[in-house]
file coords-v4.pdb (PDB, C-alpha atoms)
MODEL        1
ATOM      1  CA  MET A   1     -17.226  -2.209  -2.939  1.00  0.00           C
ATOM      2  CA  LYS A   2     -16.879  -2.861  -6.650  1.00  0.00           C
ATOM      3  CA  ASN A   3     -15.593  -6.159  -7.938  1.00  0.00           C
ATOM      4  CA  ARG A   4     -11.872  -5.960  -8.536  1.00  0.00           C
ATOM      5  CA  SER A   5     -10.026  -7.496 -11.442  1.00  0.00           C
ATOM      6  CA  GLU A   6      -7.529 -10.306 -10.907  1.00  0.00           C
ATOM      7  CA  VAL A   7      -4.691  -7.844 -11.444  1.00  0.00           C
ATOM      8  CA  GLU A   8      -6.115  -5.453  -8.829  1.00  0.00           C
ATOM      9  CA  VAL A   9      -6.449  -8.279  -6.312  1.00  0.00           C
ATOM     10  CA  MET A  10      -2.881  -9.427  -6.972  1.00  0.00           C
ATOM     11  CA  ALA A  11      -1.600  -5.860  -6.570  1.00  0.00           C
ATOM     12  CA  SER A  12      -3.436  -5.591  -3.225  1.00  0.00           C
ATOM     13  CA  ILE A  13      -1.808  -8.795  -2.017  1.00  0.00           C
ATOM     14  CA  LEU A  14       1.649  -7.676  -3.128  1.00  0.00           C
ATOM     15  CA  ARG A  15       1.211  -4.312  -1.370  1.00  0.00           C
ATOM     16  CA  SER A  16       0.053  -6.107   1.776  1.00  0.00           C
ATOM     17  CA  ALA A  17       3.115  -8.369   1.843  1.00  0.00           C
ATOM     18  CA  SER A  18       5.577  -5.541   1.317  1.00  0.00           C
ATOM     19  CA  PRO A  19       8.132  -4.611   2.613  1.00  0.00           C
ATOM     20  CA  ASN A  20       8.057  -6.860   5.706  1.00  0.00           C
ATOM     21  CA  TRP A  21       7.230 -10.531   6.201  1.00  0.00           C
ATOM     22  CA  GLN A  22       3.493 -10.964   6.870  1.00  0.00           C
ATOM     23  CA  TYR A  23       1.110 -13.652   8.087  1.00  0.00           C
ATOM     24  CA  LYS A  24      -1.651 -14.878   5.773  1.00  0.00           C
ATOM     25  CA  THR A  25      -4.285 -13.301   8.031  1.00  0.00           C
ATOM     26  CA  THR A  26      -2.592  -9.900   7.869  1.00  0.00           C
ATOM     27  CA  ILE A  27      -2.373 -10.087   4.062  1.00  0.00           C
ATOM     28  CA  MET A  28      -6.018 -11.200   3.813  1.00  0.00           C
ATOM     29  CA  ASN A  29      -7.264  -8.375   6.054  1.00  0.00           C
ATOM     30  CA  THR A  30      -5.073  -5.665   4.528  1.00  0.00           C
ATOM     31  CA  ALA A  31      -5.911  -6.690   0.943  1.00  0.00           C
ATOM     32  CA  THR A  32      -9.602  -7.069   1.879  1.00  0.00           C
ATOM     33  CA  ILE A  33     -10.015 -10.485   0.283  1.00  0.00           C
ATOM     34  CA  SER A  34     -11.613 -13.759   1.316  1.00  0.00           C
ATOM     35  CA  HIS A  35      -9.622 -16.744   2.556  1.00  0.00           C
ATOM     36  CA  SER A  36     -10.314 -18.684  -0.648  1.00  0.00           C
ATOM     37  CA  GLN A  37      -9.043 -15.744  -2.734  1.00  0.00           C
ATOM     38  CA  LEU A  38      -5.966 -15.494  -0.512  1.00  0.00           C
ATOM     39  CA  VAL A  39      -5.093 -19.171  -0.905  1.00  0.00           C
ATOM     40  CA  ARG A  40      -5.587 -19.087  -4.683  1.00  0.00           C
ATOM     41  CA  TYR A  41      -3.705 -15.840  -5.337  1.00  0.00           C
ATOM     42  CA  LEU A  42      -0.858 -16.559  -2.911  1.00  0.00           C
ATOM     43  CA  ALA A  43      -0.259 -19.903  -4.620  1.00  0.00           C
ATOM     44  CA  ILE A  44      -0.051 -18.140  -7.983  1.00  0.00           C
ATOM     45  CA  ALA A  45       2.149 -15.363  -6.590  1.00  0.00           C
ATOM     46  CA  VAL A  46       4.589 -17.852  -5.050  1.00  0.00           C
ATOM     47  CA  GLU A  47       4.639 -19.980  -8.220  1.00  0.00           C
ATOM     48  CA  LYS A  48       5.356 -16.909 -10.388  1.00  0.00           C
ATOM     49  CA  GLY A  49       8.037 -15.598  -8.021  1.00  0.00           C
ATOM     50  CA  LEU A  50       6.087 -12.497  -6.981  1.00  0.00           C
ATOM     51  CA  VAL A  51       5.954 -13.556  -3.326  1.00  0.00           C
ATOM     52  CA  GLU A  52       8.321 -15.694  -1.282  1.00  0.00           C
ATOM     53  CA  TYR A  53       7.255 -18.025   1.505  1.00  0.00           C
ATOM     54  CA  SER A  54       9.360 -18.869   4.561  1.00  0.00           C
ATOM     55  CA  GLU A  55       8.786 -22.471   5.631  1.00  0.00           C
ATOM     56  CA  VAL A  56      10.576 -21.685   8.900  1.00  0.00           C
ATOM     57  CA  THR A  57       8.283 -18.835   9.995  1.00  0.00           C
ATOM     58  CA  GLY A  58       5.207 -19.427   7.803  1.00  0.00           C
ATOM     59  CA  LEU A  59       5.353 -15.799   6.637  1.00  0.00           C
ATOM     60  CA  TYR A  60       5.123 -14.233   3.158  1.00  0.00           C
ATOM     61  CA  ARG A  61       6.969 -11.310   1.594  1.00  0.00           C
ATOM     62  CA  THR A  62       6.831  -9.591  -1.806  1.00  0.00           C
ATOM     63  CA  THR A  63       9.930 -10.296  -3.927  1.00  0.00           C
ATOM     64  CA  GLU A  64      11.816  -7.869  -6.177  1.00  0.00           C
ATOM     65  CA  GLU A  65       9.832  -9.314  -9.104  1.00  0.00           C
ATOM     66  CA  GLY A  66       6.624  -8.614  -7.171  1.00  0.00           C
ATOM     67  CA  LEU A  67       7.749  -5.032  -6.571  1.00  0.00           C
ATOM     68  CA  ARG A  68       8.376  -4.660 -10.333  1.00  0.00           C
ATOM     69  CA  PHE A  69       4.832  -5.957 -10.941  1.00  0.00           C
ATOM     70  CA  LEU A  70       3.489  -3.324  -8.512  1.00  0.00           C
ATOM     71  CA  ASP A  71       5.514  -0.587 -10.185  1.00  0.00           C
ATOM     72  CA  LYS A  72       4.158  -1.506 -13.651  1.00  0.00           C
ATOM     73  CA  TYR A  73       0.642  -1.798 -12.230  1.00  0.00           C
ATOM     74  CA  MET A  74       0.861   1.693 -10.732  1.00  0.00           C
ATOM     75  CA  GLN A  75       2.158   3.093 -14.030  1.00  0.00           C
ATOM     76  CA  LEU A  76      -0.901   1.660 -15.806  1.00  0.00           C
ATOM     77  CA  VAL A  77      -3.276   2.997 -13.158  1.00  0.00           C
ATOM     78  CA  ARG A  78      -1.841   6.493 -13.616  1.00  0.00           C
ATOM     79  CA  LEU A  79      -2.170   6.253 -17.423  1.00  0.00           C
ATOM     80  CA  LEU A  80      -5.733   4.953 -17.598  1.00  0.00           C
ATOM     81  CA  PRO A  81      -8.733   7.061 -16.661  1.00  0.00           C
ATOM     82  CA  ALA A  82     -10.912   6.007 -13.768  1.00  0.00           C
ATOM     83  CA  VAL A  83     -14.007   3.939 -14.586  1.00  0.00           C
ATOM     84  CA  PRO A  84     -16.454   6.823 -13.932  1.00  0.00           C
ATOM     85  CA  ASP A  85     -14.539   8.827 -16.548  1.00  0.00           C
ATOM     86  CA  LEU A  86     -14.922   5.985 -19.059  1.00  0.00           C
ATOM     87  CA  LEU A  87     -18.684   5.963 -18.532  1.00  0.00           C
ATOM     88  CA  ASP A  88     -18.889   9.508 -19.919  1.00  0.00           C
ATOM     89  CA  ILE A  89     -17.244   8.549 -23.224  1.00  0.00           C
ATOM     90  CA  PRO A  90     -19.903   8.116 -25.916  1.00  0.00           C
ATOM     91  CA  VAL A  91     -20.228   4.600 -27.218  1.00  0.00           C
ATOM     92  CA  ARG A  92     -21.135   4.061 -30.870  1.00  0.00           C
ATOM     93  CA  TYR A  93     -23.051   1.009 -31.972  1.00  0.00           C
ATOM     94  CA  HIS A  94     -23.322  -0.262 -35.529  1.00  0.00           C
ATOM     95  CA  HIS A  95     -26.031  -2.530 -36.842  1.00  0.00           C
ATOM     96  CA  ARG A  96     -24.599  -5.350 -38.869  1.00  0.00           C
ATOM     97  CA  ASP A  97     -26.094  -3.561 -41.913  1.00  0.00           C
ATOM     98  CA  GLY A  98     -23.886  -0.512 -41.165  1.00  0.00           C
ATOM     99  CA  GLU A  99     -26.419   1.844 -39.539  1.00  0.00           C
ATOM    100  CA  GLU A 100     -24.865   3.739 -36.597  1.00  0.00           C
ATOM    101  CA  ILE A 101     -26.639   4.269 -33.257  1.00  0.00           C
ATOM    102  CA  GLU A 102     -25.070   6.441 -30.522  1.00  0.00           C
ATOM    103  CA  GLY A 103     -25.319   6.392 -26.759  1.00  0.00           C
ATOM    104  CA  GLU A 104     -27.206   3.185 -26.060  1.00  0.00           C
ATOM    105  CA  LYS A 105     -26.402   1.621 -22.689  1.00  0.00           C
ATOM    106  CA  GLN A 106     -27.318  -1.974 -23.570  1.00  0.00           C
ATOM    107  CA  GLU A 107     -25.856  -3.775 -26.549  1.00  0.00           C
ATOM    108  CA  PRO A 108     -28.683  -5.224 -28.653  1.00  0.00           C
ATOM    109  CA  GLU A 109     -28.125  -8.710 -30.051  1.00  0.00           C
ATOM    110  CA  ASN A 110     -27.793  -7.660 -33.698  1.00  0.00           C
ATOM    111  CA  ILE A 111     -25.146  -4.920 -33.322  1.00  0.00           C
ATOM    112  CA  LYS A 112     -21.470  -4.608 -32.525  1.00  0.00           C
ATOM    113  CA  GLN A 113     -20.026  -2.038 -30.108  1.00  0.00           C
ATOM    114  CA  GLU A 114     -17.162   0.309 -30.925  1.00  0.00           C
ATOM    115  CA  ASN A 115     -15.293   2.323 -28.319  1.00  0.00           C
ATOM    116  CA  SER A 116     -14.149   5.156 -30.540  1.00  0.00           C
ATOM    117  CA  HIS A 117     -11.704   6.591 -28.025  1.00  0.00           C
ATOM    118  CA  VAL A 118      -9.460   3.508 -28.281  1.00  0.00           C
ATOM    119  CA  GLY A 119     -10.464   2.063 -31.632  1.00  0.00           C
ATOM    120  CA  ILE A 120     -11.730  -1.240 -30.228  1.00  0.00           C
ATOM    121  CA  THR A 121     -14.760  -2.992 -31.646  1.00  0.00           C
ATOM    122  CA  ARG A 122     -16.523  -5.913 -29.954  1.00  0.00           C
TER     123      ARG A 122
ENDMDL
END
call {"tool": "encode", "arguments": {"input": "coords-v4.pdb", "output": "C-alpha cells"}}
result
Amino acid sequence: MKNRSEVEVMASILRSASPNWQYKTTIMNTATISHSQLVRYLAIAVEKGLVEYSEVTGLYRTTEEGLRFLDKYMQLVRLLPAVPDLLDIPVRYHHRDGEEIEGEKQEPENIKQENSHVGITR
C-alpha cells in the first residue's frame, strides 16, 4: 500500500466514522491506520470540529463540518489525475545557467524542476 497523505488519512477516518457512531477500533480497522495514527488524527479531528466524541458511550461520529470536508476532498479527487497519470507527464529541468534537460527522473543538485502542466517550478 502506498503512503497516504495527511488529508487522505483524515478523509479515511471521517468516512469510517460516518454516518453512525463508531468505536475507535472500528475506525482504525476501517480506515486501515495504526493506533498511533488514530489517536493523533482523532484528536485533531475533534479539536477542529470534524468529529464529535460522546463521553457517555465513548463513540465517535463525523460532524456536518466533517461531511463538508469529505465532500470537498472528493471534489478534489475527481478533479486531479491519479498519480500514475502524473508520472507520464514530461518533466522539464533547467540548469541554473538556463540550459533545458527533459525527462530526467532524478533531480540533479544544480538544476531546478518545472512541471509544465501546472506551471510550478521547484
call {"tool": "closest_residue", "arguments": {"input": "coords-v4.pdb", "among": "A:Leu70, A:Arg78, A:Lys24, A:Ser12", "to": "Ala43 of chain A", "atoms": "all atoms listed in the file"}}
result
A:Lys24
call {"tool": "resolve_selection", "arguments": {"input": "coords-v4.pdb", "expression": "the PyMOL selection byres ((chain A and resi 67) around 12)", "output": "ChimeraX atom specification"}}
result
/A:10-19,45,49-52,61-66,68-74
call {"tool": "atom_distance", "arguments": {"input": "coords-v4.pdb", "atom1": "atom CA of Ile33 of chain A", "atom2": "atom CA of Val9 of chain A"}}
result
7.8 Å
call {"tool": "axis_aligned_box", "arguments": {"input": "coords-v4.pdb", "around": "segment 56-63 of chain A", "padding_each_side": "3 Å", "output": "JSON"}}
result
{"center_x": 7.8, "center_y": -15.6, "center_z": 3.0, "size_x": 11.5, "size_y": 18.1, "size_z": 19.9}
